[in-house]
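Contents: one structure, followed by commentary.
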Amino acid sequence: MEGKLSVEKGKDGFIFIVFTVKQREDVNGLTLDMIGMGLDVLYEPKRVFERYESCVLCNEKIGIKMITYQE
């Protein structure tokens with residue numbers, strides 16, 4: 001799987017680590033891996049605007065997003 005890693009700053013100092021991948025299946029697989037590691041899901045994989053994404057929480061200040069842009 002190929003991808004790109006970036007950081008987004010959200011409101012109130014919240015930070016997202018963002019994995020951008022090419023396929024929806026990669027978003028789904030990464031989400032399942034994160035759940036398997038015991039991370040809480042903020043939202044399950046879904047279409048958000050022009051991309052497919054999910055998000056898990058590391059703690060009260062950091063989240064991890066897995067996203068792909070429109071196929």
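Each chain in the structure tokens gets a letter, A, B, ..., in the order shown, and its residues are numbered from 1; ligands are numbered from 1 in order too.
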
Tell me, as JSON, numbers by chain, which residues lie within 7 Å of range 36-45 of chain A, counting only C-alpha atoms; anything in the same chain fewer than 3 positions away does not count. {"A": [28, 32, 33, 52, 53, 54, 55, 56, 57, 58]}

Show which residues sit within 12 Å of Val48 in chain A, as a list in words. Count only C-alpha atoms, and ignore same-chain residues fewer than 6 positions away.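 Non-adjacent residues within range: Ser54, Cys55, Lys65, Met66, Ile67, Thr68, Tyr69 and Gln70 of chain A.
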
Could you dump the residues just selected with C-alpha atoms as a PDB file, in the first residue's frame?
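After the write, part.pdb holds the following:
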```
ATOM      1  CA  SER A  54     -12.573   7.363   8.706  1.00  0.00           C
ATOM      2  CA  CYS A  55     -11.138   8.631  11.970  1.00  0.00           C
ATOM      3  CA  LYS A  65      -7.675  10.022   9.786  1.00  0.00           C
ATOM      4  CA  MET A  66      -7.419   7.541   6.937  1.00  0.00           C
ATOM      5  CA  ILE A  67      -8.559   9.122   3.673  1.00  0.00           C
ATOM      6  CA  THR A  68      -8.671   8.593  -0.057  1.00  0.00           C
ATOM      7  CA  TYR A  69      -9.630  11.080  -2.707  1.00  0.00           C
ATOM      8  CA  GLN A  70     -12.323  10.475  -5.259  1.00  0.00           C
TER       9      GLN A  70
END
```

Could you write out, as an mmCIF file with N, CA, C and O atoms, in the first residue's frame, all the residues of chain A that DSSP marks as strand (DSSP E)?
```cif
data_model
loop_
_atom_site.group_PDB
_atom_site.id
_atom_site.type_symbol
_atom_site.label_atom_id
_atom_site.label_comp_id
_atom_site.auth_asym_id
_atom_site.auth_seq_id
_atom_site.Cartn_x
_atom_site.Cartn_y
_atom_site.Cartn_z
ATOM 1 N N GLY A 3 1.051 5.504 0.248
ATOM 2 C CA GLY A 3 0.273 6.588 0.820
ATOM 3 C C GLY A 3 1.131 7.781 1.147
ATOM 4 O O GLY A 3 2.336 7.798 0.915
ATOM 5 N N LYS A 4 0.478 8.768 1.703
ATOM 6 C CA LYS A 4 1.127 10.013 2.080
ATOM 7 C C LYS A 4 0.714 10.342 3.505
ATOM 8 O O LYS A 4 -0.432 10.135 3.893
ATOM 9 N N LEU A 5 1.629 10.873 4.275
ATOM 10 C CA LEU A 5 1.374 11.231 5.669
ATOM 11 C C LEU A 5 1.424 12.740 5.807
ATOM 12 O O LEU A 5 2.330 13.398 5.288
ATOM 13 N N SER A 6 0.432 13.310 6.497
ATOM 14 C CA SER A 6 0.413 14.751 6.744
ATOM 15 C C SER A 6 -0.232 15.014 8.101
ATOM 16 O O SER A 6 -0.707 14.093 8.762
ATOM 17 N N VAL A 7 -0.252 16.283 8.497
ATOM 18 C CA VAL A 7 -0.846 16.684 9.767
ATOM 19 C C VAL A 7 -1.819 17.828 9.514
ATOM 20 O O VAL A 7 -1.523 18.743 8.758
ATOM 21 N N GLU A 8 -2.993 17.746 10.133
ATOM 22 C CA GLU A 8 -3.985 18.818 10.064
ATOM 23 C C GLU A 8 -4.227 19.342 11.475
ATOM 24 O O GLU A 8 -4.383 18.552 12.402
ATOM 25 N N LYS A 9 -4.268 20.641 11.620
ATOM 26 C CA LYS A 9 -4.626 21.228 12.904
ATOM 27 C C LYS A 9 -6.107 21.550 12.884
ATOM 28 O O LYS A 9 -6.594 22.214 11.976
ATOM 29 N N ILE A 15 -5.319 17.883 16.887
ATOM 30 C CA ILE A 15 -4.423 17.569 15.775
ATOM 31 C C ILE A 15 -4.819 16.227 15.169
ATOM 32 O O ILE A 15 -5.088 15.262 15.888
ATOM 33 N N PHE A 16 -4.858 16.186 13.827
ATOM 34 C CA PHE A 16 -5.107 14.947 13.105
ATOM 35 C C PHE A 16 -3.858 14.529 12.357
ATOM 36 O O PHE A 16 -3.283 15.329 11.614
ATOM 37 N N ILE A 17 -3.452 13.297 12.541
ATOM 38 C CA ILE A 17 -2.442 12.676 11.697
ATOM 39 C C ILE A 17 -3.229 12.058 10.547
ATOM 40 O O ILE A 17 -4.188 11.317 10.779
ATOM 41 N N VAL A 18 -2.870 12.370 9.307
ATOM 42 C CA VAL A 18 -3.672 11.967 8.154
ATOM 43 C C VAL A 18 -2.868 11.035 7.246
ATOM 44 O O VAL A 18 -1.782 11.390 6.788
ATOM 45 N N PHE A 19 -3.419 9.836 7.019
ATOM 46 C CA PHE A 19 -2.864 8.902 6.043
ATOM 47 C C PHE A 19 -3.717 9.004 4.793
ATOM 48 O O PHE A 19 -4.908 8.692 4.824
ATOM 49 N N THR A 20 -3.156 9.464 3.679
ATOM 50 C CA THR A 20 -3.878 9.523 2.414
ATOM 51 C C THR A 20 -3.448 8.326 1.573
ATOM 52 O O THR A 20 -2.259 8.136 1.318
ATOM 53 N N VAL A 21 -4.420 7.512 1.187
ATOM 54 C CA VAL A 21 -4.150 6.303 0.410
ATOM 55 C C VAL A 21 -4.962 6.349 -0.883
ATOM 56 O O VAL A 21 -5.799 7.225 -1.068
ATOM 57 N N ASP A 40 -10.281 4.047 19.808
ATOM 58 C CA ASP A 40 -11.708 4.313 19.677
ATOM 59 C C ASP A 40 -12.001 4.975 18.339
ATOM 60 O O ASP A 40 -11.255 5.837 17.874
ATOM 61 N N VAL A 41 -13.122 4.607 17.742
ATOM 62 C CA VAL A 41 -13.522 5.152 16.450
ATOM 63 C C VAL A 41 -14.308 6.446 16.664
ATOM 64 O O VAL A 41 -15.284 6.467 17.410
ATOM 65 N N LEU A 42 -13.867 7.525 16.036
ATOM 66 C CA LEU A 42 -14.636 8.761 16.038
ATOM 67 C C LEU A 42 -15.756 8.640 15.005
ATOM 68 O O LEU A 42 -16.902 8.958 15.274
ATOM 69 N N TYR A 43 -15.411 8.165 13.779
ATOM 70 C CA TYR A 43 -16.417 7.804 12.799
ATOM 71 C C TYR A 43 -15.871 6.736 11.866
ATOM 72 O O TYR A 43 -14.695 6.699 11.546
ATOM 73 N N GLU A 44 -16.771 5.827 11.478
ATOM 74 C CA GLU A 44 -16.431 4.716 10.590
ATOM 75 C C GLU A 44 -16.251 5.219 9.162
ATOM 76 O O GLU A 44 -16.669 6.332 8.834
ATOM 77 N N PRO A 45 -15.644 4.401 8.287
ATOM 78 C CA PRO A 45 -15.439 4.825 6.899
ATOM 79 C C PRO A 45 -16.735 5.282 6.233
ATOM 80 O O PRO A 45 -17.759 4.608 6.332
ATOM 81 N N LYS A 46 -16.659 6.461 5.617
ATOM 82 C CA LYS A 46 -17.809 7.026 4.914
ATOM 83 C C LYS A 46 -17.328 8.081 3.937
ATOM 84 O O LYS A 46 -16.187 8.528 4.003
ATOM 85 N N ARG A 47 -18.209 8.482 3.032
ATOM 86 C CA ARG A 47 -17.887 9.546 2.078
ATOM 87 C C ARG A 47 -18.105 10.882 2.772
ATOM 88 O O ARG A 47 -19.148 11.143 3.346
ATOM 89 N N VAL A 48 -17.067 11.722 2.730
ATOM 90 C CA VAL A 48 -17.125 13.076 3.276
ATOM 91 C C VAL A 48 -16.672 14.008 2.162
ATOM 92 O O VAL A 48 -15.501 14.007 1.787
ATOM 93 N N ARG A 51 -14.092 12.900 -0.658
ATOM 94 C CA ARG A 51 -13.197 11.803 -0.266
ATOM 95 C C ARG A 51 -13.907 10.801 0.634
ATOM 96 O O ARG A 51 -14.938 11.085 1.230
ATOM 97 N N TYR A 52 -13.322 9.625 0.716
ATOM 98 C CA TYR A 52 -13.773 8.541 1.577
ATOM 99 C C TYR A 52 -12.826 8.527 2.759
ATOM 100 O O TYR A 52 -11.606 8.550 2.585
ATOM 101 N N GLU A 53 -13.352 8.531 3.990
ATOM 102 C CA GLU A 53 -12.462 8.630 5.144
ATOM 103 C C GLU A 53 -13.057 8.011 6.397
ATOM 104 O O GLU A 53 -14.255 7.759 6.478
ATOM 105 N N SER A 54 -12.185 7.781 7.361
ATOM 106 C CA SER A 54 -12.573 7.363 8.706
ATOM 107 C C SER A 54 -11.633 8.055 9.687
ATOM 108 O O SER A 54 -10.620 8.642 9.289
ATOM 109 N N CYS A 55 -11.980 7.979 10.969
ATOM 110 C CA CYS A 55 -11.138 8.631 11.970
ATOM 111 C C CYS A 55 -11.202 7.867 13.283
ATOM 112 O O CYS A 55 -12.272 7.434 13.718
ATOM 113 N N VAL A 56 -10.044 7.690 13.896
ATOM 114 C CA VAL A 56 -9.939 7.087 15.226
ATOM 115 C C VAL A 56 -9.265 8.093 16.159
ATOM 116 O O VAL A 56 -8.607 9.025 15.714
ATOM 117 N N LEU A 57 -9.436 7.886 17.449
ATOM 118 C CA LEU A 57 -8.862 8.787 18.444
ATOM 119 C C LEU A 57 -7.700 8.128 19.154
ATOM 120 O O LEU A 57 -7.798 6.984 19.593
ATOM 121 N N ILE A 62 -5.449 14.164 19.960
ATOM 122 C CA ILE A 62 -4.895 13.646 18.706
ATOM 123 C C ILE A 62 -5.815 12.580 18.102
ATOM 124 O O ILE A 62 -6.235 11.646 18.787
ATOM 125 N N GLY A 63 -6.110 12.746 16.800
ATOM 126 C CA GLY A 63 -6.869 11.756 16.051
ATOM 127 C C GLY A 63 -6.078 11.307 14.832
ATOM 128 O O GLY A 63 -5.143 11.982 14.397
ATOM 129 N N ILE A 64 -6.447 10.159 14.309
ATOM 130 C CA ILE A 64 -5.822 9.643 13.093
ATOM 131 C C ILE A 64 -6.910 9.478 12.046
ATOM 132 O O ILE A 64 -7.894 8.765 12.278
ATOM 133 N N LYS A 65 -6.748 10.159 10.906
ATOM 134 C CA LYS A 65 -7.675 10.022 9.786
ATOM 135 C C LYS A 65 -7.025 9.157 8.713
ATOM 136 O O LYS A 65 -5.842 9.284 8.433
ATOM 137 N N MET A 66 -7.813 8.307 8.106
ATOM 138 C CA MET A 66 -7.419 7.541 6.937
ATOM 139 C C MET A 66 -8.324 8.026 5.813
ATOM 140 O O MET A 66 -9.549 7.950 5.948
ATOM 141 N N ILE A 67 -7.741 8.544 4.737
ATOM 142 C CA ILE A 67 -8.559 9.122 3.673
ATOM 143 C C ILE A 67 -8.082 8.687 2.290
ATOM 144 O O ILE A 67 -6.934 8.314 2.104
ATOM 145 N N THR A 68 -9.008 8.744 1.344
ATOM 146 C CA THR A 68 -8.671 8.593 -0.057
ATOM 147 C C THR A 68 -9.485 9.620 -0.830
ATOM 148 O O THR A 68 -10.591 9.967 -0.432
ATOM 149 N N TYR A 69 -8.915 10.132 -1.880
ATOM 150 C CA TYR A 69 -9.630 11.080 -2.707
ATOM 151 C C TYR A 69 -10.446 10.348 -3.736
ATOM 152 O O TYR A 69 -10.238 9.179 -4.005
#
```
